[in-house]
Structures are given as C-alpha cells and as structure tokens.
$ cat data34.cif   # mmCIF, C-alpha atoms
data_target
#
loop_
_atom_site.label_atom_id
_atom_site.label_comp_id
_atom_site.auth_asym_id
_atom_site.auth_seq_id
_atom_site.Cartn_x
_atom_site.Cartn_y
_atom_site.Cartn_z
CA MET M 1 150.29 101.81 150.79
CA VAL M 2 152.90 101.64 148.03
CA ILE M 3 151.76 105.03 146.66
CA THR M 4 152.01 106.63 150.13
CA LYS M 5 155.60 105.37 150.51
CA LEU M 6 156.49 106.65 147.03
CA LEU M 7 155.12 110.12 147.79
CA MET M 8 157.12 110.20 151.01
CA VAL M 9 160.35 109.36 149.14
CA ILE M 10 159.64 112.02 146.46
CA GLY M 11 158.81 114.59 149.11
CA ALA M 12 162.14 113.97 150.87
CA HIS M 13 164.29 114.96 147.85
CA SER M 14 163.93 118.32 146.08
CA TRP M 15 165.35 117.03 142.76
CA MET M 16 162.75 114.27 142.77
CA ARG M 17 160.00 116.83 143.41
CA ALA M 18 161.16 118.87 140.41
CA LEU M 19 161.29 115.78 138.19
CA ALA M 20 157.80 114.71 139.26
CA CYS M 21 156.44 118.20 138.47
CA LEU M 22 158.04 118.15 135.03
CA ALA M 23 156.51 114.73 134.32
CA VAL M 24 153.03 115.93 135.28
CA VAL M 25 153.31 119.17 133.26
CA GLY M 26 154.75 117.30 130.28
CA SER M 27 152.03 114.66 130.17
CA SER M 28 149.22 117.25 130.47
CA SER M 29 150.85 119.34 127.73
CA LEU M 30 150.98 116.33 125.41
CA ALA M 31 147.32 115.57 126.11
CA ALA M 32 146.35 119.17 125.35
CA THR M 33 148.25 119.12 122.05
CA ALA M 34 146.50 115.92 120.97
CA GLU M 35 143.10 117.39 121.89
CA ASP M 36 143.85 120.60 119.97
CA GLU M 37 144.81 118.61 116.88
CA ALA M 38 141.72 116.44 117.12
CA ALA M 39 139.56 119.55 117.43
CA ALA M 40 141.25 121.20 114.47
CA VAL M 41 140.51 118.34 112.07
CA ALA M 42 137.19 118.89 110.32
CA PRO M 43 134.40 116.37 111.02
CA THR M 44 134.12 113.21 108.93
CA LEU M 45 132.25 113.69 105.65
CA ALA M 46 129.82 111.24 104.09
CA CYS M 47 128.83 112.04 100.51
CA GLU M 48 126.33 110.33 98.25
CA ILE M 49 124.60 110.84 94.93
CA ARG M 50 120.81 110.64 94.88
CA TYR M 51 119.00 109.81 91.66
CA HIS M 52 115.43 111.06 92.10
CA PHE M 53 112.74 109.50 89.95
CA ARG M 54 109.06 108.78 89.49
CA GLU M 55 107.54 105.60 88.14
CA ARG M 56 104.70 105.35 85.67
CA LEU M 57 102.16 103.20 87.49
CA GLU M 58 100.44 100.43 85.58
CA GLY M 59 96.75 99.60 85.74
CA VAL M 60 95.67 103.04 86.97
CA LYS M 61 92.08 104.16 86.35
CA ALA M 62 91.50 106.88 83.78
CA ASP M 63 91.20 109.64 86.37
CA GLY M 64 93.89 108.20 88.65
CA LYS M 65 97.37 109.48 89.42
CA LYS M 66 99.58 108.07 86.68
CA PHE M 67 102.99 108.50 88.31
CA SER M 68 104.26 107.36 91.69
CA ALA M 69 105.39 109.55 94.54
CA PRO M 70 108.99 110.69 94.10
CA ALA M 71 111.74 108.43 95.37
CA TYR M 72 115.48 108.05 94.92
CA GLU M 73 118.29 105.56 94.48
CA ARG M 74 121.66 106.23 96.15
CA GLU M 75 125.32 105.75 95.32
CA ALA M 76 127.94 106.52 97.94
CA LEU M 77 131.18 108.32 97.23
CA PRO M 78 134.36 107.02 98.91
CA GLN M 79 134.83 107.76 102.60
CA SER M 80 136.53 110.98 103.58
CA THR M 81 140.19 111.10 104.48
CA VAL M 82 142.30 113.72 106.23
CA ALA M 83 143.91 115.83 103.52
CA ALA M 84 147.62 115.08 103.15
CA ASN M 85 148.76 118.68 102.72
CA GLY M 86 149.08 119.38 106.42
CA ALA M 87 145.93 121.45 106.56
CA GLN M 88 143.43 119.79 108.87
CA ALA M 89 140.81 119.26 106.18
CA ARG M 90 138.58 116.35 105.25
CA LEU M 91 138.68 115.26 101.65
CA VAL M 92 136.37 113.11 99.54
CA GLN M 93 137.58 112.19 96.07
CA GLY M 94 136.14 109.70 93.69
CA ARG M 95 133.50 108.56 91.27
CA VAL M 96 130.21 106.71 91.27
CA ALA M 97 129.17 104.03 88.82
CA HIS M 98 126.45 105.94 86.98
CA LEU M 99 127.94 109.39 86.41
CA PRO M 100 130.92 110.19 84.16
CA TYR M 101 132.23 112.72 86.66
CA ARG M 102 134.94 112.95 89.30
CA PHE M 103 134.00 114.54 92.61
CA VAL M 104 136.41 116.50 94.79
CA ILE M 105 134.92 117.68 98.06
CA LYS M 106 136.99 119.39 100.75
CA PHE M 107 135.82 120.61 104.12
CA GLY M 108 137.79 122.62 106.68
CA GLY M 109 141.53 123.11 106.58
CA LYS M 110 142.99 126.60 106.54
CA SER M 111 139.52 128.13 106.33
CA ALA M 112 137.59 126.34 109.04
CA GLY M 113 134.00 125.60 108.05
CA THR M 114 134.62 126.19 104.35
CA LEU M 115 133.21 123.58 101.98
CA GLU M 116 134.66 123.29 98.49
CA VAL M 117 132.78 121.15 95.96
CA ASN M 118 134.01 120.47 92.47
CA ILE M 119 132.57 118.18 89.83
CA LEU M 120 134.85 117.46 86.90
CA ASP M 121 134.25 115.71 83.62
CA ASP M 122 136.60 113.16 82.03
CA ASP M 123 138.68 115.97 80.53
CA GLY M 124 139.20 117.49 83.97
CA LYS M 125 136.92 120.43 83.20
CA PRO M 126 134.54 121.57 85.95
CA ARG M 127 130.86 121.01 85.24
CA HIS M 128 128.66 124.08 84.77
CA GLY M 129 128.17 125.86 88.08
CA TYR M 130 131.22 124.31 89.70
CA PRO M 131 133.49 124.64 91.66
CA GLN M 132 131.41 126.00 94.51
CA THR M 133 132.95 127.35 97.70
CA ILE M 134 130.74 127.94 100.71
CA VAL M 135 132.08 129.66 103.81
CA HIS M 136 130.61 128.44 107.12
CA ALA M 137 128.90 125.86 104.97
CA LEU M 138 127.45 123.40 107.41
CA ALA M 139 126.94 125.82 110.30
CA GLY M 140 124.69 128.02 108.18
CA ALA M 141 122.61 125.23 106.66
CA ALA M 142 119.05 124.47 107.69
CA ASN M 143 120.24 121.04 108.72
CA PRO M 144 123.60 121.94 110.28
CA SER M 145 125.19 118.68 109.21
CA ARG M 146 124.03 118.56 105.61
CA ARG M 147 124.30 120.39 102.27
CA GLU M 148 122.71 119.46 98.95
CA PHE M 149 123.93 120.30 95.46
CA GLU M 150 122.11 119.89 92.18
CA ILE M 151 124.05 118.07 89.48
CA PRO M 152 123.02 119.08 85.97
CA VAL M 153 122.40 116.04 83.77
CA ALA M 154 121.97 116.20 79.99
CA PRO M 155 119.05 114.27 78.42
CA ASP M 156 121.36 111.60 76.93
CA LEU M 157 122.95 110.92 80.29
CA ALA M 158 119.52 110.87 81.96
CA ARG M 159 118.40 108.18 79.52
CA THR M 160 121.54 106.15 80.23
CA ILE M 161 120.91 106.39 83.98
CA GLU M 162 117.29 105.35 83.50
CA LYS M 163 118.42 102.34 81.46
CA LYS M 164 121.27 101.20 83.68
CA LEU M 165 120.18 102.17 87.20
CA LEU M 166 116.43 102.61 87.35
CA ALA M 167 113.75 99.99 86.96
CA LYS M 168 111.16 99.63 84.21
CA ASN M 169 108.91 102.69 83.73
CA GLN M 170 111.01 104.85 86.08
CA HIS M 171 111.90 108.37 84.93
CA LEU M 172 114.81 110.37 86.32
CA THR M 173 113.77 113.79 87.62
CA GLN M 174 116.96 115.15 89.19
CA VAL M 175 120.43 114.16 90.41
CA GLN M 176 121.71 115.51 93.68
CA LEU M 177 124.96 115.44 95.65
CA VAL M 178 124.42 115.24 99.40
CA VAL M 179 127.31 116.18 101.69
CA GLU M 180 126.84 115.26 105.33
CA SER M 181 129.24 115.78 108.22
CA SER M 182 129.36 113.76 111.39
CA PRO M 183 131.44 114.58 114.47
CA MET K 1 97.96 82.30 109.53
CA SER K 2 100.33 85.15 108.71
CA GLY K 3 102.22 85.09 105.44
CA ILE K 4 104.75 87.08 103.46
CA ILE K 5 103.23 89.05 100.59
CA GLY K 6 106.63 89.92 99.20
CA ASN K 7 110.02 91.42 99.88
CA ILE K 8 111.36 94.75 98.70
CA LYS K 9 115.09 95.35 99.13
CA GLY K 10 115.40 93.21 102.23
CA SER K 11 112.13 94.17 103.91
CA ASP K 12 109.48 91.49 104.24
CA ILE K 13 105.90 92.63 103.78
CA VAL K 14 103.81 90.46 106.09
CA GLU K 15 100.06 89.91 106.09
CA GLU K 16 99.26 89.18 109.74
CA ASP K 17 96.59 86.85 111.13
CA ASP K 18 94.25 89.77 111.76
CA GLY K 19 94.53 90.95 108.14
CA SER K 20 96.81 93.87 108.91
CA VAL K 21 99.97 94.34 106.85
CA THR K 22 103.31 95.08 108.52
CA PHE K 23 106.79 95.95 107.36
CA THR K 24 109.84 97.80 108.63
CA ALA K 25 111.78 100.21 106.43
CA GLY K 26 113.22 103.70 106.28
CA ALA K 27 111.20 106.79 105.47
CA GLN K 28 111.72 108.90 102.39
CA LEU K 29 109.58 112.03 102.17
CA ASP K 30 106.65 112.69 99.82
CA GLY K 31 105.41 116.26 99.48
CA ASP K 32 102.74 115.37 96.92
CA GLY K 33 99.20 116.53 97.54
CA ALA K 34 100.29 119.70 99.33
CA ASN K 35 98.41 122.56 97.73
CA GLY K 36 98.14 124.91 100.68
CA GLN K 37 94.77 123.46 101.71
CA PHE K 38 95.43 124.29 105.35
CA GLY K 39 97.76 127.27 105.07
CA GLU K 40 101.04 125.46 104.55
CA PRO K 41 103.17 125.89 101.38
CA PRO K 42 102.33 124.05 98.16
CA CYS K 43 104.52 121.26 96.87
CA TYR K 44 105.21 122.72 93.42
CA ALA K 45 104.99 126.08 91.68
CA PRO K 46 106.45 127.78 88.61
CA LYS K 47 109.89 129.33 89.07
CA SER K 48 108.24 132.76 89.07
CA TYR K 49 106.25 131.87 92.21
CA ALA K 50 107.31 134.14 95.08
CA GLY K 51 106.46 131.85 97.98
CA LYS K 52 108.12 128.76 99.38
CA THR K 53 107.50 125.31 97.91
CA LEU K 54 107.99 121.94 99.60
CA ASP K 55 109.87 120.27 96.75
CA VAL K 56 112.19 121.26 93.92
CA LEU K 57 110.31 121.73 90.66
CA ALA K 58 112.53 119.17 88.91
CA ASN K 59 110.81 116.42 90.87
CA ALA K 60 107.55 117.37 89.16
CA GLY K 61 109.19 116.97 85.75
CA GLY K 62 109.18 119.64 83.05
CA PRO K 63 107.48 120.68 79.81
CA GLY K 64 106.35 117.58 77.95
CA ASN K 65 107.03 115.40 80.97
CA TRP K 66 104.99 116.67 83.89
CA PHE K 67 105.21 113.59 86.10
CA GLY K 68 104.30 115.23 89.38
CA VAL K 69 101.61 117.86 88.83
CA VAL K 70 98.06 117.85 87.51
CA THR K 71 97.83 118.93 83.86
CA ASP K 72 94.93 120.27 81.84
CA THR K 73 94.75 117.10 79.72
CA GLY K 74 95.54 114.62 82.47
CA GLU K 75 98.61 113.54 80.51
CA GLU K 76 102.24 114.40 81.18
CA ASP K 77 102.53 116.40 77.96
CA GLY K 78 99.68 118.75 78.93
CA HIS K 79 100.04 122.12 80.61
CA PRO K 80 100.19 122.23 84.41
CA VAL K 81 97.05 123.44 86.14
CA VAL K 82 97.79 126.68 88.00
CA GLN K 83 95.82 127.59 91.12
CA GLY K 84 93.49 130.55 90.61
CA SER K 85 92.63 133.52 92.76
CA GLY K 86 90.01 131.56 94.69
CA ASP K 87 92.38 128.70 95.49
CA PRO K 88 94.63 128.34 98.55
CA CYS K 89 97.91 129.24 96.77
CA PRO K 90 97.22 131.33 93.66
CA GLY K 91 99.98 130.82 91.10
CA ALA K 92 101.10 127.43 92.44
CA PHE K 93 100.66 124.15 90.59
CA VAL K 94 98.23 121.47 91.75
CA SER K 95 99.96 118.41 93.16
CA ALA K 96 98.09 115.10 93.34
CA THR K 97 97.92 112.06 95.56
CA SER K 98 96.56 108.68 94.51
CA LEU K 99 93.81 109.01 97.12
CA HIS K 100 91.08 111.40 96.02
CA LEU K 101 88.89 113.28 98.48
CA PRO K 102 85.25 114.18 97.82
CA GLY K 103 83.82 117.67 98.12
CA LYS K 104 81.77 118.85 101.09
CA ASP K 105 78.67 117.56 99.32
CA GLY K 106 80.22 114.11 99.02
CA LYS K 107 80.49 114.35 95.25
CA PRO K 108 83.79 113.91 93.38
CA LEU K 109 85.83 117.09 92.96
CA PRO K 110 87.25 118.08 89.56
CA ARG K 111 90.80 116.93 88.85
CA SER K 112 91.99 120.54 88.97
CA SER K 113 90.77 121.15 92.53
CA PRO K 114 93.56 121.54 95.12
CA PHE K 115 91.18 120.04 97.69
CA LYS K 116 90.84 116.76 95.82
CA TYR K 117 94.19 115.60 97.20
CA VAL K 118 95.64 114.81 100.64
CA ASP K 119 97.87 117.58 102.02
CA SER K 120 101.34 116.18 102.80
CA ALA K 121 102.15 119.21 104.94
CA THR K 122 99.34 118.67 107.44
CA VAL K 123 98.04 115.09 107.11
CA PRO K 124 100.13 112.11 108.27
CA PHE K 125 100.05 109.70 105.35
CA VAL K 126 101.86 106.66 104.05
CA VAL K 127 102.97 105.80 100.52
CA VAL K 128 102.79 102.14 99.47
CA PRO K 129 104.01 100.22 96.41
CA PRO K 130 101.66 98.41 94.01
CA MET K 131 102.69 95.06 95.52
CA ILE K 132 100.72 95.90 98.67
CA ILE K 133 97.79 97.56 96.91
CA ARG K 134 97.24 94.51 94.71
CA GLY K 135 98.52 91.89 97.15
CA VAL K 136 95.81 91.97 99.80
CA ALA K 137 92.06 91.44 99.74
CA GLY K 138 91.04 94.62 101.55
CA VAL K 139 91.13 98.10 100.04
CA VAL K 140 94.49 99.72 100.85
CA MET K 141 94.15 103.27 99.50
CA GLY K 142 92.46 105.32 102.24
CA CYS K 143 92.92 102.66 104.89
CA ARG K 144 94.14 103.16 108.44
CA ALA K 145 97.88 102.99 109.14
CA VAL K 146 99.97 103.25 112.27
CA VAL K 147 103.54 104.44 111.79
CA THR K 148 106.08 104.03 114.58
CA ASN K 149 109.62 105.31 114.89
CA THR K 150 111.27 102.44 116.77
CA LYS K 151 114.25 104.63 117.62
CA ASN K 152 112.26 107.04 119.80
CA GLY K 153 108.98 105.16 120.31
CA LYS K 154 106.88 107.91 118.70
CA SER K 155 103.80 106.68 116.83
CA VAL K 156 101.07 108.29 114.75
CA GLU K 157 97.71 107.37 113.20
CA ALA K 158 97.94 107.88 109.45
CA VAL K 159 96.15 107.18 106.19
CA VAL K 160 97.46 105.36 103.13
CA ALA K 161 97.17 108.14 100.56
CA ASP K 162 99.71 107.72 97.78
CA GLY K 163 101.24 105.11 95.52
CA GLY K 164 105.00 104.60 95.38
CA PRO K 165 107.39 102.94 92.94
CA SER K 166 107.29 99.15 92.66
CA ASN K 167 110.76 98.65 94.16
CA LYS K 168 110.61 101.11 97.08
CA LEU K 169 109.23 100.66 100.56
CA GLY K 170 108.98 103.26 103.30
CA GLU K 171 107.76 106.70 102.33
CA ILE K 172 105.67 109.15 104.33
CA SER K 173 104.21 112.66 104.21
CA LEU K 174 105.98 115.60 105.81
CA ALA K 175 103.32 115.76 108.53
CA CYS K 176 103.88 112.09 109.32
CA ALA K 177 107.64 112.62 109.54
CA LYS K 178 107.21 115.51 111.96
CA ALA K 179 104.81 113.51 114.12
CA ILE K 180 107.25 110.65 114.69
CA GLY K 181 110.44 112.68 114.97
CA VAL K 182 111.88 111.92 111.53
CA PRO K 183 113.84 114.85 110.05
CA ALA K 184 111.36 116.66 107.82
CA GLY K 185 113.78 119.09 106.23
CA GLU K 186 113.03 121.68 108.90
CA GLY K 187 114.26 125.07 107.78
CA SER K 188 115.30 123.70 104.40
CA THR K 189 114.42 125.57 101.24
CA HIS K 190 112.65 122.46 99.95
CA PRO K 191 111.82 120.19 102.91
CA ALA K 192 110.44 117.31 100.85
CA ASN K 193 113.71 117.10 98.94
CA SER K 194 115.67 116.91 102.18
CA GLY K 195 115.21 115.02 105.44
CA GLY K 196 113.87 111.49 105.81
CA VAL K 197 115.51 108.36 107.13
CA ASP K 198 117.71 106.11 104.99
CA ALA K 199 115.89 103.22 103.39
CA ASP K 200 118.54 100.85 104.76
CA SER K 201 118.02 101.91 108.36
CA HIS K 202 114.88 99.81 108.98
CA ILE K 203 113.82 101.85 112.00
CA ILE K 204 110.30 102.81 110.93
CA HIS K 205 107.57 100.24 111.55
CA TYR K 206 104.44 100.38 109.43
CA ARG K 207 101.13 98.65 110.18
CA LEU K 208 98.35 99.01 107.65
CA PHE K 209 94.73 97.91 108.11
CA PRO K 210 93.34 97.22 104.60
CA GLY K 211 89.59 97.64 104.44
CA VAL K 212 89.46 99.83 107.55
CA ALA K 213 88.87 103.49 106.67
CA ALA K 214 91.42 105.79 108.28
CA MET K 215 90.32 108.42 110.74
CA VAL K 216 93.01 111.04 111.24
CA ASN K 217 92.56 114.22 113.25
CA GLY K 218 88.79 113.75 113.19
CA VAL K 219 88.57 113.24 109.43
CA THR K 220 87.41 109.90 108.04
CA TYR K 221 89.02 109.10 104.70
CA PRO K 222 87.31 107.24 101.87
CA LEU K 223 88.43 103.73 100.96
CA GLN K 224 89.32 103.84 97.27
CA PRO K 225 89.45 100.52 95.41
CA SER K 226 92.28 100.25 92.87
#
$ encode --input "data34.cif" --output "structure tokens"
Amino acid sequence: MVITKLLMVIGAHSWMRALACLAVVGSSSLAATAEDEAAAVAPTLACEIRYHFRERLEGVKADGKKFSAPAYEREALPQSTVAANGAQARLVQGRVAHLPYRFVIKFGGKSAGTLEVNILDDDGKPRHGYPQTIVHALAGAANPSRREFEIPVAPDLARTIEKKLLAKNQHLTQVQLVVESSP
Amino acid sequence: MSGIIGNIKGSDIVEEDDGSVTFTAGAQLDGDGANGQFGEPPCYAPKSYAGKTLDVLANAGGPGNWFGVVTDTGEEDGHPVVQGSGDPCPGAFVSATSLHLPGKDGKPLPRSSPFKYVDSATVPFVVVPPMIIRGVAGVVMGCRAVVTNTKNGKSVEAVVADGGPSNKLGEISLACAKAIGVPAGEGSTHPANSGGVDADSHIIHYRLFPGVAAMVNGVTYPLQPS
C-alpha cells in the first residue's frame, strides 16, 4: 500500500522520476563494479610442505617387506593475502619450522592465471631451479586446483628433518611444495 | 565387549564385539605393488624408462637406500630388480607389498616376480600400521576390509595388503581411491604422489575383519601371519 502511494507520487513529478532512475542506475553500477573486482582477485591459495618418508618396519620376516608404504607429514605455510601493490594477486609469504627457506608464492595479478614460486635461502638467494613462473598454472594442471613442486634437500638437511620431524626409523624420501587454490 | 586398541593422531582404533576393527581417518595414496600386472603403469622405474609411472622415483629411495623397490640382495643397498622381457613392464622396477601372492600352482613366487605383489592400480587395498597387525588376535594381512567414503556414501570391498608407518592411519591403493571417489591423482604425471584426502579430514571409514580372507573381484587373498 505504502509502495503503491510512493510510486504514484514519483510518477506525478518528472524531476522525481529522473532522480529515481539515477538512483537505480547508480546502485546497479556500484554492484557491477564490486562484482568485477571480486572476479578479478585471484582465488585463495593454500600452500603446504609435504615431507615424504618410509619407515623401517621392525620384526619383519626374512623375506618380508622391510619398509612401510610411503607416507608424509605436513607443514602449512601462512594463509594467502591479497597483494598490496594494487594488482589483484594472491600472495603467500613465509617459512615453515623444518626448512631453512623463505617461500614467496604469487598467483594472478597483472597476468591472470600466472603462478610465481620462489624459494629463497637465508641469504636471499633462490634455491636451485627457482624462481619458477607458470602461465595458466592451475588451469592447465591435471588437478585444476593444485600444483606440486619438488624442493631439493641436501643430505645434511634431510638428516636434520629426520631427527627433528620424523619418528624413529623413518627415512625422508622427498620434500614437496603443494600449492592449492580454492574459489 | 568392544575396546580401543590404540589411538593414532586423534583416531581411535576400535576392536568391535564381532572381532572387526574400525577406525575413521583420511586416505593417503600408496602405489606400491603396481608392476603392470593387469596392464596399468608400474609404480617405479629408472629415469630412462619411457612409460608413465605411478609415483616419483624419489619415494623409492636411491642408490644405497632403496626403500621402496625390490633389490637383488633383499637389502636397501642392493641393486633394484628390473623387469625383464617376459614381465609386464620390461625396464621398470619391481615394487612390493607386504602381502605376498602365490603363483598359479599355489607355491611361493620368487621375490623378483612382479606377480608376487598386490597391484595398487587395479586392486582396492588398505594399508595398516603395525599397531593393528600386532594388536588383534586374527591375521590382518590379507584379511577382508570395507572402506567407505562418508562424504559420498561410496563403499568398496578391499584387502589389507600393505604395512604403513607406526604413526600413520588411513592409506589406500589407487584402485581403492577411485572406487570410493577419493581423488586418485587423475591425469597427474605421478598419481600416487598426488591426490588422496587429508589425514585430518576423518571422512574415510575403515572396517577390517581380521582372520577373514578377503575376496575382491573374484580373487580370494591369502591370510599371511606376521
């Protein structure tokens, strides 16, 4: 009832009609801008380090399998943030407890779909094989939301990881960075 | 009366009144035992191997430390056994499971035979830690298992075929993952090194029947005492 009366009043005055039109156009324009910005920001990234290992099994018969099936322990990197440089990119920066490296992972921004992964040592030098830049990174992957990267680990560091992270009789086989996006 | 055998990282392992063992966990993937027995790729092969492999070679170890493939001496410092021209995947390594299968004549197969082991690519199997193998009266290796994905309700008959680390619970073969709708690294270069369900997710329910030989896809598996 109230709405009907309001429409009748607006309809009676041309300046009110113009104002109402502007309000409608303006609000829809604002909504469109917000949607565009949301769409432009790259999806949230979740990154973790996986320490793959096998365990020497005790009490196995002479002809039995001496090592366990492979398994892994995980350490998560900090949550992604929207990059502060104005480009609509997601950024993960940080360290994990058992690797002496700093990780910088960027997805999206000026080059939509581009994933940049860098692993730096304490001196700020990139590790062998890094940085890596992959265009259309997650769209082209077998699992469209995930990419995996091998992290080279020297024998001394492997022994330290085995001592500090893994359990008795467990042997490190590889270290992997997993980058996963979620909408 | 049911009782708790133990707990691994928040998951209780329960021995039920009927003797079955239940637990809920995630599902990491185990490609071990895949040697191309039924036409699927092998788990491991030398870098020179032209075909696809299920896992990255690093997970098998390396010279002096071959943790994940059969060697000529049976020790990790031996040389990996390479499949010959009469084997399913010539040039690939032989990957083992804890459960050993007999030959067609019922006699034990040699350690180097690709057919001695359970094929992760085609047989739904479960990996269990020593706590379960040693914690119940019935024989666990080779026993029946039912694995259910509580998220989608999919369930599969499986066999307990491999031993896992002492502090990990919830690991299955690639075929098992596919059967219950768990990501099995589809399309990935190395499916066993990808996919799976996080250990913390607790969405996969496992029920084992120690002492009851598994029958999967018409094949009855041997019960293998530890």
$ residues_around --input "data34.cif" --residues "stretch 66-72 of chain K" --least-positions-apart "5" --cutoff "10 Å" --atoms "all atoms listed in the file" --output "count of residues only"
37
$ closest_residue --input "data34.cif" --among "K:Asn193, K:Cys176, K:Thr53, K:Glu157" --to "M:Val178" --atoms "all atoms listed in the file"
K:Asn193
$ closest_residue --input "data34.cif" --among "M:Pro131, M:Pro152, M:Gly108, M:Pro43" --to "chain K" --atoms "all atoms listed in the file"
M:Pro152
$ resolve_selection --input "data34.cif" --expression "the PyMOL selection byres ((chain K) within 10 of (chain M))" --output "PDB file with C-alpha atoms, keeping the file's coordinate frame"
ATOM      1  CA  GLN K  28     111.720 108.900 102.390  1.00  0.00           C
ATOM      2  CA  LEU K  29     109.580 112.030 102.170  1.00  0.00           C
ATOM      3  CA  ASP K  30     106.650 112.690  99.820  1.00  0.00           C
ATOM      4  CA  GLY K  31     105.410 116.260  99.480  1.00  0.00           C
ATOM      5  CA  ASP K  32     102.740 115.370  96.920  1.00  0.00           C
ATOM      6  CA  GLY K  33      99.200 116.530  97.540  1.00  0.00           C
ATOM      7  CA  ASP K  55     109.870 120.270  96.750  1.00  0.00           C
ATOM      8  CA  VAL K  56     112.190 121.260  93.920  1.00  0.00           C
ATOM      9  CA  LEU K  57     110.310 121.730  90.660  1.00  0.00           C
ATOM     10  CA  ALA K  58     112.530 119.170  88.910  1.00  0.00           C
ATOM     11  CA  ASN K  59     110.810 116.420  90.870  1.00  0.00           C
ATOM     12  CA  ALA K  60     107.550 117.370  89.160  1.00  0.00           C
ATOM     13  CA  GLY K  61     109.190 116.970  85.750  1.00  0.00           C
ATOM     14  CA  GLY K  62     109.180 119.640  83.050  1.00  0.00           C
ATOM     15  CA  ASN K  65     107.030 115.400  80.970  1.00  0.00           C
ATOM     16  CA  TRP K  66     104.990 116.670  83.890  1.00  0.00           C
ATOM     17  CA  PHE K  67     105.210 113.590  86.100  1.00  0.00           C
ATOM     18  CA  GLY K  68     104.300 115.230  89.380  1.00  0.00           C
ATOM     19  CA  VAL K  69     101.610 117.860  88.830  1.00  0.00           C
ATOM     20  CA  VAL K  70      98.060 117.850  87.510  1.00  0.00           C
ATOM     21  CA  GLY K  74      95.540 114.620  82.470  1.00  0.00           C
ATOM     22  CA  GLU K  75      98.610 113.540  80.510  1.00  0.00           C
ATOM     23  CA  GLU K  76     102.240 114.400  81.180  1.00  0.00           C
ATOM     24  CA  ALA K  96      98.090 115.100  93.340  1.00  0.00           C
ATOM     25  CA  THR K  97      97.920 112.060  95.560  1.00  0.00           C
ATOM     26  CA  SER K  98      96.560 108.680  94.510  1.00  0.00           C
ATOM     27  CA  LEU K  99      93.810 109.010  97.120  1.00  0.00           C
ATOM     28  CA  HIS K 100      91.080 111.400  96.020  1.00  0.00           C
ATOM     29  CA  PRO K 110      87.250 118.080  89.560  1.00  0.00           C
ATOM     30  CA  ARG K 111      90.800 116.930  88.850  1.00  0.00           C
ATOM     31  CA  VAL K 127     102.970 105.800 100.520  1.00  0.00           C
ATOM     32  CA  VAL K 128     102.790 102.140  99.470  1.00  0.00           C
ATOM     33  CA  PRO K 129     104.010 100.220  96.410  1.00  0.00           C
ATOM     34  CA  PRO K 130     101.660  98.410  94.010  1.00  0.00           C
ATOM     35  CA  ASP K 162      99.710 107.720  97.780  1.00  0.00           C
ATOM     36  CA  GLY K 163     101.240 105.110  95.520  1.00  0.00           C
ATOM     37  CA  GLY K 164     105.000 104.600  95.380  1.00  0.00           C
ATOM     38  CA  PRO K 165     107.390 102.940  92.940  1.00  0.00           C
ATOM     39  CA  SER K 166     107.290  99.150  92.660  1.00  0.00           C
ATOM     40  CA  ASN K 167     110.760  98.650  94.160  1.00  0.00           C
ATOM     41  CA  LYS K 168     110.610 101.110  97.080  1.00  0.00           C
ATOM     42  CA  LEU K 169     109.230 100.660 100.560  1.00  0.00           C
ATOM     43  CA  GLY K 170     108.980 103.260 103.300  1.00  0.00           C
ATOM     44  CA  GLU K 171     107.760 106.700 102.330  1.00  0.00           C
ATOM     45  CA  ILE K 172     105.670 109.150 104.330  1.00  0.00           C
ATOM     46  CA  PRO K 183     113.840 114.850 110.050  1.00  0.00           C
ATOM     47  CA  ALA K 184     111.360 116.660 107.820  1.00  0.00           C
ATOM     48  CA  GLY K 185     113.780 119.090 106.230  1.00  0.00           C
ATOM     49  CA  GLU K 186     113.030 121.680 108.900  1.00  0.00           C
ATOM     50  CA  GLY K 187     114.260 125.070 107.780  1.00  0.00           C
ATOM     51  CA  SER K 188     115.300 123.700 104.400  1.00  0.00           C
ATOM     52  CA  THR K 189     114.420 125.570 101.240  1.00  0.00           C
ATOM     53  CA  PRO K 191     111.820 120.190 102.910  1.00  0.00           C
ATOM     54  CA  ALA K 192     110.440 117.310 100.850  1.00  0.00           C
ATOM     55  CA  ASN K 193     113.710 117.100  98.940  1.00  0.00           C
ATOM     56  CA  SER K 194     115.670 116.910 102.180  1.00  0.00           C
ATOM     57  CA  GLY K 195     115.210 115.020 105.440  1.00  0.00           C
ATOM     58  CA  ASP K 198     117.710 106.110 104.990  1.00  0.00           C
ATOM     59  CA  ALA K 199     115.890 103.220 103.390  1.00  0.00           C
ATOM     60  CA  SER K 226      92.280 100.250  92.870  1.00  0.00           C
TER      61      SER K 226
END
$ residues_around --input "data34.cif" --residues "K:Asp87" --least-positions-apart "3" --cutoff "10 Å" --atoms "all atoms listed in the file" --output "list in words"
Asn35, Gly36, Gln37, Val82, Gln83, Gly84, Pro90, Gly91, Ala92, Ser113, Pro114 and Phe115 of chain K
$ atom_distance --input "data34.cif" --atom1 "atom CA of K:Ile4" --atom2 "atom CA of K:Val140"
16.5 Å
$ resolve_selection --input "data34.cif" --expression "the PyMOL selection byres ((chain K and resi 203) around 12)" --output "PyMOL selection string"
chain K and resi 11+23-27+147-154+170+180-182+196-202+204-206
$ atom_distance --input "data34.cif" --atom1 "atom CA of K:Ala161" --atom2 "atom CA of K:Met141"
5.8 Å
